[in-house]
Each structure stands twice: as structure tokens, then as C-alpha cells.
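A.B. asks: Got a structure here, written out as C-alpha cells. Questions coming.
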There are 2 protein chains.
Amino acid sequence: MKIDPDNPADLSAQIATAIRDAIVSGALIVGDRLPSEAELAEQFAVSRPTVREALKRLAAQSLIRTQRGAFGGAFINRLSYADAHAQQITTSTLLLGMNDTSFDTACEARFAMERACAMLAATRRGPDHLATMRAEITRQGQPGLTDESFCASDVAFHRALVDAAGNPVLSYQLAGAVEAMQPLMNMITFSARSRDAIIALHARIADATEGRDGPEIIAALEELERYTRQRAQSVFDARAARTDPA
Amino acid sequence: MKIDPDNPADLSAQIATAIRDAIVSGALIVGDRLPSEAELAEQFAVSRPTVREALKRLAAQSLIRTQRGAFGGAFINRLSYADAHAQQITTSTLLLGMNDTSFDTACEARFAMERACAMLAATRRGPDHLATMRAEITRQGQPGLTDESFCASDVAFHRALVDAAGNPVLSYQLAGAVEAMQPLMNMITFSARSRDAIIALHARIADATEGRDGPEIIAALEELERYTRQRAQSVFDARAARTDPA
DNA sequence: CGATTTTCATTTGTCAGACATTTAAAAGTC
DNA sequence: GACTTTTAAATGTCTGACAAATGAAAATCG
């Protein structure tokens, strides 16, 4: 674990990279304790604040956790699915928000991936997944629900479908795709009529999931994608006509 | 943008979260310049090193970039697909490596997602994608190729297939699933015969992509998943028999 | 002797002040 | 006007220090 002292730029970044590489390569494993900040400072021939900046970089990625006190220090963290989930959602949200990704592109990716869960969900769905889906459908039908709450419930419904696939890796990957779409979906105002159409499709998905009919889930998701993109298109068209009435 | 000064724990984490929230919510947009470290220190009523630790946390997630000199400072970074790609691969690799995720689970997720690209890839594939796929197939057939190189070429082949779908969001999401599998795949030794089987399936995928036959791509990928899992199983069985000859 | 309390060394969290380095704008010069 | 020099602002780094937490060891007490 060495750094290049001739490169006077970004010492803390170099140190962080060196330690990260040691973790990824397996030289440092979960639970291992890093040397104390003072010892690291001596090893890398830098000051303690510089070491600390490097450690904070790693902490930001949940690679280490720190503990104060005697026999405390920085420990290699087990990257949990929950941590990875959260990171993925933040990253995906920013990615969509900052790169003027078109609604269609995001929508296409999201439904393509969600359909990938359909067959597994049909096989492995349990009563809890079905219960969640039914509950969210009920909520979506309640009058007076704000658009934000409707979208949140929509996300919860689809998460239940994804989780029904019973594959944590798939759930983690899909989290970004499904949840990051929410800010984009929030830009769409859902009329009562379009809500009914969506709820009907959700019911169709829930029924198909209950009946373990994978192809039917896929068909319903395709229909939902088509409908969502059409709704978005009309919203965007209306907005364009309002701001640019030429 | 406020922090809780009564909570004396993790001031730098609080500051980082406050700024990150401002970015995610859109209060700070790409290109905006944060106040200088000295000004931030004054605003949050903390010292400059503490502010710096917070900024390094954000830099670790590629949320900001810093520039030295007059009129320098910390600027909100545009999160590029390339940055997100790299982060995703690191996170996914660590996730698989640290949570004793079974090979089957990872494999199932990876192929499920990859099949989600098949229809789009059949529609949108260009000559460059085909060329890459053919080139990698050729490389995979060369004698004397190490297992690591074979796996690397395998990843490149599948990346080409994913990229052929022509959806950057999908490419970003898939990067984690496909590339993070590589360390797991590297644990498998590929005999000449199993390489031939894989190459044959790759050729089948390339042919189907060329013929824009989405269902055939999916069928070939399913076959490949089956074969991969079978190979892995026999490798693990052999290993278990060697270490535990009871 | 056993249980409880106290002490203490270790380590992270934070602060203050300082200097080096980089950078671009502003001032000066020909 | 074009070029050079100066300068102010900002990050990068260092030194030294103190506060707070924490678990182990020592001391104390029943």
C-alpha cells in the first residue's frame, strides 16, 4: 500500500485509492482494523488531517466505519444490501436529473429491467408480496390522494413485484431503476381517469402474480409502459404548447 | 442548509448530508460554486478541516470537483455515465464479494437483466457492436489464453450486447451486474471443451443479433446461463470433495 | 475472593493558526 | 495594444493542541 509522494496533488485521494484497492483486492477483509490515523500518517508520510480526509472519502462509500475510544479505529465495513440500495438510488437519481436523460430512455430501461423479474416473481412470490401489492392498489384508489403519494405508492407496488423475484442482487439493481424514476414521474399530473387505467393494470399484474402467470405479468408491464409513455408524451406536448405557442 | 450543532457527533457527515440534499433536491445545480471553505466554516460554525472532510465525502461520490487558485473552489459536478459506471462496478463487486452471495443468485440476476436487453439489442444493434462481438469471439478461441483473459473477453462480449440496446441507462445498470460477476467467474477454470461450448453460444448470440432475432438471443442467453451454472456447480462440487473427503 | 468503581491509555473528533501552491484577474511596462 | 509582473483568493497541507469516548486494567469495597 504505497502512494506517490512526487505527485503533490491530491494526497488524500491517493491514499483513499490505495486503501480502496486493498479492500477490493481482498488484502483487507471485513472486520479488519486499519492502523490508527497517527500510524497511517506516519506510514504515508503525511499529516493526520490528510489521512482523515482519505478516510472520510472511504466512509462516504460505506467502505469503512469508525469507532472512537481505546481499541477503536477504522474498520472495514461489510457493504450491506441496504447501504448499496441507498447509494444506488442517490446515484441513479442524480444521473437522470443531471444528464437530461429523456423520459423515454429512462422509462424504457426501467420497464425492460422490471420485466426481467416477471418470470421469477411468478415462481417465487409469497403471500406477503401479494398482500403489499393489493394494499398499494387499494391506496392508489383512494380519493384525495396527492400526485406525490400516488407515485410513492406506485413505487412501493413495483418494489413488491421486484422483491417477489426473491433475488437480493436483482432487488438491489432494480432499486435504482424504479426509485430513481419517481422524480420524473412526479412531473406528470395524473388525472382521475389515468389513475384508474394504471390501477387496472396494477390489478392485472397482481392477478397474474397470484396466478403465477409470468407471461401475463410481462404483457401487463408492456401495456403499462406503453400507457406511461403516452401519458408523459401528452403532458410534455401540453407543456410545450403552453410555453411555446408559436 | 442547516446542521444540528447540539448533535456533536459527526459534524462533517452532517454537513456533507446537508449539501448532498441541496444537490439532490435541485437547490444546487450543475456548475454552481459552493462558498469557499472558510465561508462554509463560518456558516456552519465549524473549523475548516471539518468542512474539508465534508467536501471530501462529496468528492468521493463525484458530486463536486474542486479547483485551486483564485476564483477556484468546489463546483457541483455533472455526474457522468462514466463516473456512475465506475462507482456501480466497485459497489457491485464489493457487494458480491462481502455478502457470500451465492453464485447462482448472482448468475440468475445477471442473466435476467441481460435478457432484458435482448429485444432492444436486436432492434438497434449497429455494425460496431457486431464487430466487437465477433472480435471477442475470435479472441476467445485463441489457444494459450489465460482464464483471466478469457473472462475479460467474455465481459467485453456481453458489454457489447448490452450497449447494442442503445440505452445508456440500461448500460449503466447492467455494468454492475455483468462486470461484478467477473471475479466470481474467474474462480472457475475453463477447460478447452467448456470454452468451445461457450464460444459456440456466443456465436449463436452474435448470429441472432446480426439477424435481429430477439427471441433467439434470449434463448441463447438462457442456454448460456444454464451451462454457466452447471459448470460452476461441478467446480464447486469438485472443490468440496477435495476439501471435505468424508 | 468476587463485584464494583475508578483510573488511564488509546483513538477519533474538532479546533486554531500557519505556510505552500495554484490560478486568474488586475496592474504595470514597453 | 501586447506582454510581463504583481497580487489576491482559494485549495492543499502541516503542526500542535484539546475534547470526548471507550474499553482495559488497576484499585477499592463488601
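Just remember, in the C-alpha cells the first chain shown is A, the second B, etc., residues are 1-based per chain, and ligands are 1-based in the order shown.
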Residues of range 124-241 of chain A in helix (DSSP H, G or I) according to DSSP, as a PyMOL selection string?
C.D. replies: chain A and resi 124+127-141+147-164+168-179+182-186+192-210+214-241
A.B. asks: For chain B versus chain D, which residues have an atom no more than 8 Å away, and what is each residue's nearest atom pair and distance in Å rounded to one decimal, using only C-alpha atoms (C1' of nucleotides), chain-then-number order, as a tab-separated table?
C.D. replies:
residue	atom	partner	partner_atom	distance
B:Ser36	CA	D:DA10	C1'	7.2
B:Thr66	CA	D:DT11	C1'	7.8
B:Gln67	CA	D:DT11	C1'	7.0
B:Arg68	CA	D:DT11	C1'	4.8
B:Gly69	CA	D:DA10	C1'	4.9
B:Ala70	CA	D:DA9	C1'	4.4
B:Phe71	CA	D:DA9	C1'	6.7
B:Gly72	CA	D:DA10	C1'	5.8
B:Gly73	CA	D:DA10	C1'	6.3
A.B. asks: Can you measure CA of Leu34 in chain B to CA of Gln87 in chain B for me? One decimal in Å is fine.
C.D. replies: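 The value is 23.6 Å.
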A.B. asks: Within 8 Å of chain B, which residues belong to chain C? Use only C-alpha atoms (C1' of nucleotides) and report them as a PyMOL selection string.
C.D. replies: chain C and resi 13-15+22-24
A.B. asks: Considering only C-alpha atoms, give me a table of residues in chain A that are at most 6 Å from chain B, with the closest atom pair and distance in Å for each, as JSON lines.
C.D. replies:
{"residue": "A:Glu53", "atom": "CA", "partner": "B:Glu53", "partner_atom": "CA", "distance": 5.2}
{"residue": "A:Lys56", "atom": "CA", "partner": "B:Arg57", "partner_atom": "CA", "distance": 5.7}
{"residue": "A:Arg57", "atom": "CA", "partner": "B:Arg57", "partner_atom": "CA", "distance": 4.7}
{"residue": "A:Ala60", "atom": "CA", "partner": "B:Arg57", "partner_atom": "CA", "distance": 5.1}
{"residue": "A:Leu79", "atom": "CA", "partner": "B:Leu95", "partner_atom": "CA", "distance": 5.8}
{"residue": "A:Leu95", "atom": "CA", "partner": "B:Leu79", "partner_atom": "CA", "distance": 5.9}
{"residue": "A:Ala109", "atom": "CA", "partner": "B:Leu170", "partner_atom": "CA", "distance": 5.2}
{"residue": "A:Ala112", "atom": "CA", "partner": "B:Ala116", "partner_atom": "CA", "distance": 5.3}
{"residue": "A:Met113", "atom": "CA", "partner": "B:Ala116", "partner_atom": "CA", "distance": 5.7}
{"residue": "A:Ala116", "atom": "CA", "partner": "B:Ala112", "partner_atom": "CA", "distance": 5.3}
{"residue": "A:Leu170", "atom": "CA", "partner": "B:Ala109", "partner_atom": "CA", "distance": 5.2}
A.B. asks: What does the distance between CA of Pro143 in chain A and CA of Arg239 in chain A come to in Å, to one decimal place?
C.D. replies: 25.7 Å
A.B. asks: Quick one: residues within 12 Å of Ala208 in chain A, only C-alpha atoms (C1' of nucleotides), excluding same-chain residues fewer than 4 positions away - as a list in words?
C.D. replies: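 What passes the distance filter is Ala118, Met119, Ala121, Ala122, Thr123, Arg125, Leu130, Met133, Leu161, Leu201, His202, Ala203, Arg204, Arg212, Asp213, Gly214, Pro215, Glu216, Ile217, Ile218, Ala219, Ala220 and Leu221 of chain A.
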